[in-house]
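Containing compact mmCIF, N, CA and C atoms: protein_12.txt.
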# COMPACT_ATOMS: atom_id res chain seq x y z
N MET A 1 211.61 37.25 53.75
CA MET A 1 212.67 36.34 53.41
C MET A 1 214.01 37.07 53.53
N ARG A 2 214.97 36.35 54.05
CA ARG A 2 216.31 36.93 54.24
C ARG A 2 217.05 37.12 52.94
N SER A 3 216.79 36.21 51.99
CA SER A 3 217.47 36.29 50.70
C SER A 3 216.62 35.57 49.67
N GLU A 4 217.08 35.56 48.44
CA GLU A 4 216.38 34.84 47.38
C GLU A 4 216.89 33.41 47.24
N CYS A 5 217.82 33.01 48.08
CA CYS A 5 218.36 31.65 48.03
C CYS A 5 217.24 30.65 48.32
N PRO A 6 217.04 29.64 47.45
CA PRO A 6 215.97 28.67 47.67
C PRO A 6 216.09 27.91 48.99
N ILE A 7 217.31 27.62 49.40
CA ILE A 7 217.48 26.91 50.68
C ILE A 7 217.09 27.81 51.84
N SER A 8 217.53 29.05 51.81
CA SER A 8 217.18 29.99 52.87
C SER A 8 215.66 30.20 52.94
N CYS A 9 215.03 30.40 51.80
CA CYS A 9 213.57 30.60 51.78
C CYS A 9 212.84 29.38 52.32
N SER A 10 213.28 28.20 51.94
CA SER A 10 212.64 26.96 52.40
C SER A 10 212.82 26.78 53.90
N LEU A 11 214.02 27.06 54.39
CA LEU A 11 214.28 26.90 55.81
C LEU A 11 213.42 27.85 56.65
N GLU A 12 213.09 28.99 56.10
CA GLU A 12 212.23 29.92 56.84
C GLU A 12 210.82 29.35 57.00
N VAL A 13 210.41 28.46 56.12
CA VAL A 13 209.08 27.87 56.18
C VAL A 13 209.06 26.64 57.09
N PHE A 14 210.03 25.74 56.95
CA PHE A 14 209.96 24.48 57.69
C PHE A 14 211.29 24.07 58.32
N GLY A 15 212.23 24.98 58.45
CA GLY A 15 213.59 24.60 58.80
C GLY A 15 213.97 24.51 60.26
N ASP A 16 213.04 24.69 61.18
CA ASP A 16 213.43 24.49 62.58
C ASP A 16 213.04 23.08 63.00
N LYS A 17 213.68 22.59 64.05
CA LYS A 17 213.47 21.19 64.43
C LYS A 17 212.03 20.90 64.81
N TRP A 18 211.36 21.83 65.44
CA TRP A 18 210.00 21.54 65.88
C TRP A 18 209.05 21.42 64.70
N SER A 19 209.20 22.28 63.71
CA SER A 19 208.34 22.20 62.53
C SER A 19 208.55 20.88 61.81
N LEU A 20 209.79 20.47 61.66
CA LEU A 20 210.07 19.19 60.99
C LEU A 20 209.49 18.02 61.78
N LEU A 21 209.53 18.09 63.10
CA LEU A 21 208.97 17.00 63.91
C LEU A 21 207.44 16.96 63.82
N ILE A 22 206.81 18.10 63.73
CA ILE A 22 205.36 18.14 63.53
C ILE A 22 205.01 17.51 62.18
N ILE A 23 205.75 17.88 61.14
CA ILE A 23 205.53 17.31 59.81
C ILE A 23 205.76 15.80 59.85
N ARG A 24 206.83 15.37 60.52
CA ARG A 24 207.10 13.94 60.69
C ARG A 24 205.92 13.23 61.34
N ASP A 25 205.41 13.82 62.43
CA ASP A 25 204.30 13.20 63.14
C ASP A 25 203.04 13.10 62.29
N LEU A 26 202.80 14.10 61.46
CA LEU A 26 201.65 14.05 60.56
C LEU A 26 201.81 12.97 59.49
N ILE A 27 203.03 12.82 58.98
CA ILE A 27 203.27 11.85 57.91
C ILE A 27 203.33 10.43 58.43
N PHE A 28 204.16 10.18 59.41
CA PHE A 28 204.47 8.81 59.81
C PHE A 28 203.67 8.28 61.00
N TYR A 29 203.16 9.16 61.84
CA TYR A 29 202.51 8.70 63.06
C TYR A 29 201.04 9.08 63.15
N GLN A 30 200.50 9.63 62.08
CA GLN A 30 199.08 9.99 61.98
C GLN A 30 198.60 10.84 63.16
N LYS A 31 199.47 11.65 63.69
CA LYS A 31 199.06 12.58 64.74
C LYS A 31 198.31 13.72 64.06
N SER A 32 197.31 14.25 64.75
CA SER A 32 196.51 15.27 64.09
C SER A 32 195.94 16.33 65.03
N THR A 33 196.11 16.17 66.33
CA THR A 33 195.60 17.18 67.26
C THR A 33 196.74 17.77 68.09
N TYR A 34 196.45 18.90 68.66
CA TYR A 34 197.41 19.58 69.53
C TYR A 34 197.90 18.61 70.61
N GLY A 35 196.97 17.91 71.23
CA GLY A 35 197.33 16.95 72.28
C GLY A 35 198.20 15.81 71.77
N ASP A 36 197.94 15.35 70.54
CA ASP A 36 198.77 14.30 69.94
C ASP A 36 200.22 14.77 69.84
N PHE A 37 200.41 15.99 69.38
CA PHE A 37 201.78 16.50 69.20
C PHE A 37 202.49 16.67 70.55
N LEU A 38 201.74 17.06 71.57
CA LEU A 38 202.33 17.20 72.91
C LEU A 38 202.84 15.88 73.46
N LYS A 39 202.27 14.76 73.01
CA LYS A 39 202.65 13.44 73.51
C LYS A 39 203.89 12.87 72.82
N SER A 40 204.44 13.58 71.83
CA SER A 40 205.63 13.08 71.14
C SER A 40 206.79 12.98 72.12
N ASP A 41 207.69 12.07 71.85
CA ASP A 41 208.82 11.81 72.73
C ASP A 41 209.69 13.04 72.99
N GLU A 42 209.72 13.96 72.05
CA GLU A 42 210.61 15.13 72.16
C GLU A 42 210.12 16.17 73.16
N LYS A 43 208.87 16.06 73.60
CA LYS A 43 208.32 16.93 74.67
C LYS A 43 208.38 18.42 74.31
N ILE A 44 207.73 18.78 73.23
CA ILE A 44 207.66 20.18 72.82
C ILE A 44 206.88 21.00 73.84
N ALA A 45 207.34 22.19 74.11
CA ALA A 45 206.64 23.10 75.02
C ALA A 45 205.37 23.62 74.34
N THR A 46 204.34 23.89 75.14
CA THR A 46 203.05 24.29 74.58
C THR A 46 203.14 25.59 73.77
N ASN A 47 203.92 26.55 74.25
CA ASN A 47 204.02 27.82 73.52
C ASN A 47 204.75 27.64 72.18
N ILE A 48 205.75 26.78 72.17
CA ILE A 48 206.49 26.50 70.92
C ILE A 48 205.57 25.76 69.95
N LEU A 49 204.82 24.78 70.44
CA LEU A 49 203.91 24.03 69.59
C LEU A 49 202.89 24.96 68.95
N ALA A 50 202.28 25.80 69.74
CA ALA A 50 201.28 26.72 69.19
C ALA A 50 201.89 27.63 68.13
N SER A 51 203.09 28.11 68.40
CA SER A 51 203.78 28.99 67.45
C SER A 51 204.10 28.28 66.14
N ARG A 52 204.60 27.05 66.23
CA ARG A 52 204.99 26.31 65.02
C ARG A 52 203.77 25.89 64.21
N LEU A 53 202.70 25.48 64.90
CA LEU A 53 201.47 25.13 64.17
C LEU A 53 200.94 26.34 63.40
N LEU A 54 200.94 27.48 64.03
CA LEU A 54 200.48 28.70 63.37
C LEU A 54 201.37 29.05 62.17
N ALA A 55 202.68 28.97 62.36
CA ALA A 55 203.60 29.28 61.26
C ALA A 55 203.44 28.31 60.09
N LEU A 56 203.29 27.02 60.39
CA LEU A 56 203.09 26.03 59.32
C LEU A 56 201.77 26.28 58.60
N GLU A 57 200.76 26.67 59.35
CA GLU A 57 199.47 26.98 58.72
C GLU A 57 199.58 28.24 57.85
N GLU A 58 200.20 29.27 58.37
CA GLU A 58 200.36 30.52 57.61
C GLU A 58 201.16 30.31 56.33
N ASN A 59 202.08 29.34 56.34
CA ASN A 59 202.90 29.07 55.17
C ASN A 59 202.29 28.00 54.25
N GLY A 60 201.08 27.56 54.56
CA GLY A 60 200.38 26.63 53.68
C GLY A 60 200.86 25.19 53.74
N ILE A 61 201.61 24.82 54.79
CA ILE A 61 202.10 23.45 54.93
C ILE A 61 201.04 22.56 55.58
N ILE A 62 200.29 23.13 56.51
CA ILE A 62 199.20 22.40 57.17
C ILE A 62 197.95 23.26 57.12
N GLU A 63 196.83 22.61 57.42
CA GLU A 63 195.57 23.31 57.55
C GLU A 63 194.82 22.76 58.75
N LYS A 64 193.93 23.60 59.27
CA LYS A 64 193.08 23.18 60.39
C LYS A 64 191.72 22.75 59.85
N ARG A 65 191.18 21.73 60.48
CA ARG A 65 189.83 21.27 60.15
C ARG A 65 189.06 21.05 61.43
N GLU A 66 187.76 21.06 61.32
CA GLU A 66 186.92 20.77 62.48
C GLU A 66 187.12 19.33 62.91
N HIS A 67 187.14 19.11 64.21
CA HIS A 67 187.23 17.75 64.74
C HIS A 67 185.81 17.16 64.72
N PRO A 68 185.66 15.95 64.20
CA PRO A 68 184.31 15.37 64.09
C PRO A 68 183.67 15.04 65.44
N ASP A 69 184.48 14.87 66.47
CA ASP A 69 183.95 14.43 67.77
C ASP A 69 183.93 15.52 68.83
N SER A 70 184.59 16.65 68.59
CA SER A 70 184.70 17.66 69.63
C SER A 70 184.83 19.05 69.03
N LYS A 71 183.95 19.94 69.44
CA LYS A 71 184.05 21.33 68.97
C LYS A 71 185.21 22.06 69.62
N ALA A 72 185.73 21.52 70.71
CA ALA A 72 186.85 22.15 71.41
C ALA A 72 188.19 21.82 70.76
N LYS A 73 188.22 20.81 69.87
CA LYS A 73 189.46 20.39 69.22
C LYS A 73 189.43 20.72 67.74
N VAL A 74 190.62 20.80 67.17
CA VAL A 74 190.75 20.90 65.72
C VAL A 74 191.71 19.81 65.25
N LEU A 75 191.58 19.44 64.00
CA LEU A 75 192.49 18.49 63.39
C LEU A 75 193.45 19.27 62.50
N TYR A 76 194.70 18.88 62.54
CA TYR A 76 195.71 19.45 61.65
C TYR A 76 196.02 18.42 60.58
N ARG A 77 196.08 18.86 59.34
CA ARG A 77 196.38 17.99 58.21
C ARG A 77 197.39 18.67 57.31
N LEU A 78 198.23 17.86 56.69
CA LEU A 78 199.14 18.39 55.68
C LEU A 78 198.34 18.82 54.47
N THR A 79 198.75 19.90 53.85
CA THR A 79 198.20 20.32 52.57
C THR A 79 199.02 19.60 51.49
N ASN A 80 198.66 19.81 50.25
CA ASN A 80 199.47 19.25 49.16
C ASN A 80 200.90 19.80 49.23
N LYS A 81 201.03 21.05 49.58
CA LYS A 81 202.36 21.65 49.74
C LYS A 81 203.15 20.92 50.83
N GLY A 82 202.49 20.58 51.91
CA GLY A 82 203.13 19.84 52.99
C GLY A 82 203.48 18.42 52.60
N ILE A 83 202.58 17.78 51.87
CA ILE A 83 202.83 16.41 51.41
C ILE A 83 204.06 16.37 50.50
N ASP A 84 204.27 17.43 49.74
CA ASP A 84 205.44 17.49 48.86
C ASP A 84 206.77 17.51 49.61
N LEU A 85 206.73 17.66 50.92
CA LEU A 85 207.95 17.60 51.74
C LEU A 85 208.38 16.17 52.05
N LEU A 86 207.54 15.19 51.76
CA LEU A 86 207.86 13.80 52.08
C LEU A 86 209.22 13.35 51.55
N PRO A 87 209.57 13.63 50.30
CA PRO A 87 210.90 13.18 49.83
C PRO A 87 212.06 13.78 50.65
N ILE A 88 211.90 15.00 51.11
CA ILE A 88 212.94 15.63 51.92
C ILE A 88 213.05 14.93 53.27
N ILE A 89 211.91 14.66 53.88
CA ILE A 89 211.88 13.97 55.17
C ILE A 89 212.49 12.58 55.02
N PHE A 90 212.18 11.90 53.92
CA PHE A 90 212.73 10.58 53.70
C PHE A 90 214.25 10.63 53.54
N GLU A 91 214.76 11.61 52.83
CA GLU A 91 216.22 11.75 52.66
C GLU A 91 216.90 12.02 53.99
N ILE A 92 216.23 12.75 54.87
CA ILE A 92 216.78 12.96 56.23
C ILE A 92 216.86 11.62 56.95
N HIS A 93 215.84 10.78 56.79
CA HIS A 93 215.87 9.43 57.38
C HIS A 93 217.07 8.65 56.86
N LEU A 94 217.31 8.70 55.56
CA LEU A 94 218.44 7.95 54.98
C LEU A 94 219.77 8.45 55.52
N TRP A 95 219.90 9.76 55.63
CA TRP A 95 221.14 10.33 56.18
C TRP A 95 221.31 9.89 57.63
N ALA A 96 220.25 9.98 58.42
CA ALA A 96 220.33 9.63 59.85
C ALA A 96 220.65 8.15 60.03
N GLU A 97 220.14 7.32 59.14
CA GLU A 97 220.39 5.88 59.24
C GLU A 97 221.89 5.58 59.16
N LYS A 98 222.63 6.38 58.44
CA LYS A 98 224.07 6.17 58.32
C LYS A 98 224.83 6.52 59.60
N TYR A 99 224.29 7.42 60.41
CA TYR A 99 225.06 7.96 61.53
C TYR A 99 224.46 7.75 62.92
N PHE A 100 223.21 7.29 62.99
CA PHE A 100 222.55 7.14 64.28
C PHE A 100 221.83 5.80 64.35
N PRO A 101 221.66 5.27 65.56
CA PRO A 101 220.82 4.08 65.69
C PRO A 101 219.37 4.45 65.37
N ILE A 102 218.70 3.59 64.63
CA ILE A 102 217.33 3.83 64.21
C ILE A 102 216.42 2.79 64.89
N PRO A 103 215.26 3.20 65.39
CA PRO A 103 214.33 2.23 65.98
C PRO A 103 213.97 1.14 64.96
N GLU A 104 213.77 -0.05 65.45
CA GLU A 104 213.56 -1.21 64.58
C GLU A 104 212.40 -1.02 63.60
N ASP A 105 211.26 -0.50 64.12
CA ASP A 105 210.10 -0.32 63.23
C ASP A 105 210.39 0.68 62.12
N LEU A 106 211.13 1.72 62.45
CA LEU A 106 211.51 2.72 61.45
C LEU A 106 212.53 2.15 60.48
N GLN A 107 213.43 1.33 60.98
CA GLN A 107 214.43 0.71 60.12
C GLN A 107 213.76 -0.17 59.06
N GLU A 108 212.73 -0.91 59.46
CA GLU A 108 211.99 -1.75 58.50
C GLU A 108 211.37 -0.90 57.41
N MET A 109 210.75 0.21 57.79
CA MET A 109 210.12 1.10 56.81
C MET A 109 211.17 1.66 55.85
N VAL A 110 212.31 2.10 56.38
CA VAL A 110 213.37 2.65 55.54
C VAL A 110 213.91 1.58 54.61
N ASN A 111 214.15 0.39 55.12
CA ASN A 111 214.67 -0.70 54.28
C ASN A 111 213.70 -1.05 53.15
N ASP A 112 212.41 -1.13 53.48
CA ASP A 112 211.41 -1.42 52.45
C ASP A 112 211.39 -0.31 51.40
N ALA A 113 211.43 0.92 51.85
CA ALA A 113 211.37 2.05 50.92
C ALA A 113 212.62 2.15 50.04
N LYS A 114 213.76 1.78 50.60
CA LYS A 114 215.01 1.86 49.83
C LYS A 114 215.04 0.87 48.67
N LYS A 115 214.28 -0.20 48.75
CA LYS A 115 214.27 -1.20 47.67
C LYS A 115 213.84 -0.56 46.36
N ASN A 116 212.87 0.33 46.42
CA ASN A 116 212.47 1.10 45.25
C ASN A 116 211.95 2.43 45.75
N LYS A 117 212.88 3.34 45.97
CA LYS A 117 212.57 4.61 46.63
C LYS A 117 211.47 5.39 45.91
N GLU A 118 211.55 5.48 44.59
CA GLU A 118 210.58 6.26 43.84
C GLU A 118 209.17 5.71 44.00
N VAL A 119 209.03 4.40 43.90
CA VAL A 119 207.72 3.78 44.05
C VAL A 119 207.21 3.97 45.48
N ALA A 120 208.08 3.77 46.46
CA ALA A 120 207.68 3.92 47.86
C ALA A 120 207.22 5.35 48.16
N LEU A 121 207.97 6.33 47.69
CA LEU A 121 207.59 7.72 47.93
C LEU A 121 206.28 8.06 47.24
N ASN A 122 206.14 7.62 45.99
CA ASN A 122 204.90 7.90 45.26
C ASN A 122 203.70 7.25 45.95
N THR A 123 203.87 6.03 46.42
CA THR A 123 202.79 5.33 47.12
C THR A 123 202.42 6.07 48.40
N MET A 124 203.41 6.47 49.17
CA MET A 124 203.14 7.19 50.41
C MET A 124 202.47 8.54 50.13
N MET A 125 202.96 9.25 49.12
CA MET A 125 202.38 10.56 48.79
C MET A 125 200.95 10.41 48.28
N GLU A 126 200.70 9.40 47.46
CA GLU A 126 199.33 9.16 46.98
C GLU A 126 198.40 8.85 48.14
N GLY A 127 198.88 8.06 49.11
CA GLY A 127 198.07 7.74 50.28
C GLY A 127 197.73 8.99 51.09
N LEU A 128 198.71 9.86 51.28
CA LEU A 128 198.47 11.11 52.01
C LEU A 128 197.50 12.01 51.26
N ARG A 129 197.65 12.09 49.94
CA ARG A 129 196.75 12.93 49.13
C ARG A 129 195.33 12.36 49.13
N LYS A 130 195.21 11.06 49.07
CA LYS A 130 193.89 10.42 49.11
C LYS A 130 193.21 10.71 50.44
N GLN A 131 193.98 10.61 51.51
CA GLN A 131 193.45 10.91 52.84
C GLN A 131 192.98 12.37 52.90
N LEU A 132 193.74 13.26 52.33
CA LEU A 132 193.39 14.68 52.31
C LEU A 132 192.10 14.89 51.53
N GLU A 133 191.95 14.26 50.37
CA GLU A 133 190.75 14.39 49.55
C GLU A 133 189.53 13.79 50.23
N GLU A 134 189.69 12.63 50.86
CA GLU A 134 188.56 11.98 51.53
C GLU A 134 188.01 12.84 52.65
N GLU A 135 188.86 13.53 53.34
CA GLU A 135 188.41 14.33 54.47
C GLU A 135 187.75 15.63 54.03
N VAL A 136 188.01 16.07 52.79
CA VAL A 136 187.40 17.29 52.29
C VAL A 136 185.92 17.04 51.97
N VAL A 137 185.62 15.83 51.51
CA VAL A 137 184.26 15.51 51.08
C VAL A 137 183.29 15.53 52.22
Before we go any further, please render this structure as structure tokens.
Amino acid sequence: MRSECPISCSLEVFGDKWSLLIIRDLIFYQKSTYGDFLKSDEKIATNILASRLLALEENGIIEKREHPDSKAKVLYRLTNKGIDLLPIIFEIHLWAEKYFPIPEDLQEMVNDAKKNKEVALNTMMEGLRKQLEEEVV
């Protein structure tokens, strides 16, 4: 760590754009394989994707699991530590909504969540945690 500053320490774990986009894809788009992440609109390079997945795994934000249909593939899932990033990701959405055009489907989700942000975040986090628990069994 460069310093003891909480923001600096946090940014070292998830603060580059590719890591945040991987987390976004896991939360909102149910992407879970290396190939899924490569298909994102942002067109991440394969070497960058591999590097960011490894870094997120080493920092306990995601974990790898066996793919039920293919021994050649793995599934990536958010850990509880990763799920705890949802409120931060949501606040980024709110900030972006003020300054950038937002896709219609995303705008609907943000509008619904803004009606009662705490309930929406808790519901989304509970859903992600339930999914994590179900897959462990």
**Message:** Let's see if you can do this: from backbone DSSP, list all helix (DSSP H, G or I) residues in chain A, as a PyMOL selection string.
**Reply:** chain A and resi 6-14+17-28+34-38+46-58+80-83+86-99+104-115+117-136
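Closest to Lys73 in chain A among A:Ser8, A:Thr123, A:Ser51, A:Ser32 is A:Ser32, based on only C-alpha atoms.
Going from CA of Phe14 in chain A to CA of Lys115 in chain A covers 27.9 Å.
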**Asked** If we count only C-alpha atoms, what is near Ile48 in chain A at a cut-off of 12 Å, once residues fewer than 3 positions away on the same chain are taken out, given as a list in words?
**Response** Asp16, Lys17, Trp18, Ser19, Ile22, Tyr34, Phe37, Leu38, Lys43, Ile44, Ala45, Ser51, Arg52, Leu53, Leu54 and Ala55 of chain A
**Request:** Quote the spacing between CA of Asn47 in chain A and atom C of Gly35 in chain A in Å to one decimal place.
**Result:** 13.5 Å
**Request:** Give me, please, the distance in Å between CA of Trp95 in chain A and CA of Met109 in chain A, quoted to one decimal.
**Result:** 14.4 Å
Please, could all heavy atoms be added to range 114-125 of chain A and the result written as a compact mmCIF listing (two decimals), in the coordinates of the input?
# COMPACT_ATOMS: atom_id res chain seq x y z
N LYS A 114 213.76 1.78 50.60
CA LYS A 114 215.01 1.86 49.83
C LYS A 114 215.04 0.87 48.67
O LYS A 114 215.76 1.10 47.69
CB LYS A 114 216.22 1.63 50.73
CG LYS A 114 216.55 2.82 51.59
CD LYS A 114 217.89 2.74 52.27
CE LYS A 114 218.26 1.46 52.91
NZ LYS A 114 219.49 1.52 53.69
N LYS A 115 214.28 -0.20 48.75
CA LYS A 115 214.27 -1.20 47.67
C LYS A 115 213.84 -0.56 46.36
O LYS A 115 214.36 -0.89 45.30
CB LYS A 115 213.35 -2.36 48.03
CG LYS A 115 213.90 -3.21 49.16
CD LYS A 115 212.92 -4.28 49.58
CE LYS A 115 213.44 -5.00 50.81
NZ LYS A 115 212.43 -5.88 51.40
N ASN A 116 212.87 0.33 46.42
CA ASN A 116 212.47 1.10 45.25
C ASN A 116 211.95 2.43 45.75
O ASN A 116 210.75 2.60 45.97
CB ASN A 116 211.43 0.36 44.41
CG ASN A 116 211.23 1.03 43.06
OD1 ASN A 116 211.45 2.23 42.90
ND2 ASN A 116 210.82 0.25 42.08
N LYS A 117 212.88 3.34 45.97
CA LYS A 117 212.57 4.61 46.63
C LYS A 117 211.47 5.39 45.91
O LYS A 117 210.56 5.90 46.54
CB LYS A 117 213.84 5.44 46.77
CG LYS A 117 213.65 6.70 47.57
CD LYS A 117 214.94 7.36 47.98
CE LYS A 117 215.86 7.68 46.88
NZ LYS A 117 217.00 8.50 47.29
N GLU A 118 211.55 5.48 44.59
CA GLU A 118 210.58 6.26 43.84
C GLU A 118 209.17 5.71 44.00
O GLU A 118 208.22 6.45 44.26
CB GLU A 118 210.96 6.30 42.36
CG GLU A 118 210.08 7.22 41.55
CD GLU A 118 210.53 7.34 40.10
OE1 GLU A 118 211.71 7.07 39.80
OE2 GLU A 118 209.68 7.71 39.28
N VAL A 119 209.03 4.40 43.90
CA VAL A 119 207.72 3.78 44.05
C VAL A 119 207.21 3.97 45.48
O VAL A 119 206.04 4.31 45.70
CB VAL A 119 207.77 2.27 43.68
CG1 VAL A 119 206.50 1.55 44.09
CG2 VAL A 119 208.03 2.11 42.19
N ALA A 120 208.08 3.77 46.46
CA ALA A 120 207.68 3.92 47.86
C ALA A 120 207.22 5.35 48.16
O ALA A 120 206.17 5.55 48.79
CB ALA A 120 208.83 3.53 48.79
N LEU A 121 207.97 6.33 47.69
CA LEU A 121 207.59 7.72 47.93
C LEU A 121 206.28 8.06 47.24
O LEU A 121 205.41 8.70 47.82
CB LEU A 121 208.71 8.67 47.47
CG LEU A 121 209.95 8.71 48.35
CD1 LEU A 121 211.03 9.55 47.71
CD2 LEU A 121 209.62 9.23 49.73
N ASN A 122 206.14 7.62 45.99
CA ASN A 122 204.90 7.90 45.26
C ASN A 122 203.70 7.25 45.95
O ASN A 122 202.64 7.87 46.06
CB ASN A 122 205.00 7.43 43.81
CG ASN A 122 205.86 8.34 42.96
OD1 ASN A 122 206.05 9.51 43.27
ND2 ASN A 122 206.40 7.80 41.89
N THR A 123 203.87 6.03 46.42
CA THR A 123 202.79 5.33 47.12
C THR A 123 202.42 6.07 48.40
O THR A 123 201.22 6.28 48.68
CB THR A 123 203.21 3.88 47.43
OG1 THR A 123 203.50 3.21 46.21
CG2 THR A 123 202.11 3.14 48.18
N MET A 124 203.41 6.47 49.17
CA MET A 124 203.14 7.19 50.41
C MET A 124 202.47 8.54 50.13
O MET A 124 201.51 8.92 50.82
CB MET A 124 204.44 7.39 51.20
CG MET A 124 204.97 6.09 51.79
SD MET A 124 206.64 6.22 52.49
CE MET A 124 206.38 7.35 53.83
N MET A 125 202.96 9.25 49.12
CA MET A 125 202.38 10.56 48.79
C MET A 125 200.95 10.41 48.28
O MET A 125 200.07 11.20 48.66
CB MET A 125 203.26 11.29 47.79
CG MET A 125 204.58 11.74 48.41
SD MET A 125 205.72 12.47 47.23
CE MET A 125 205.01 14.10 47.06
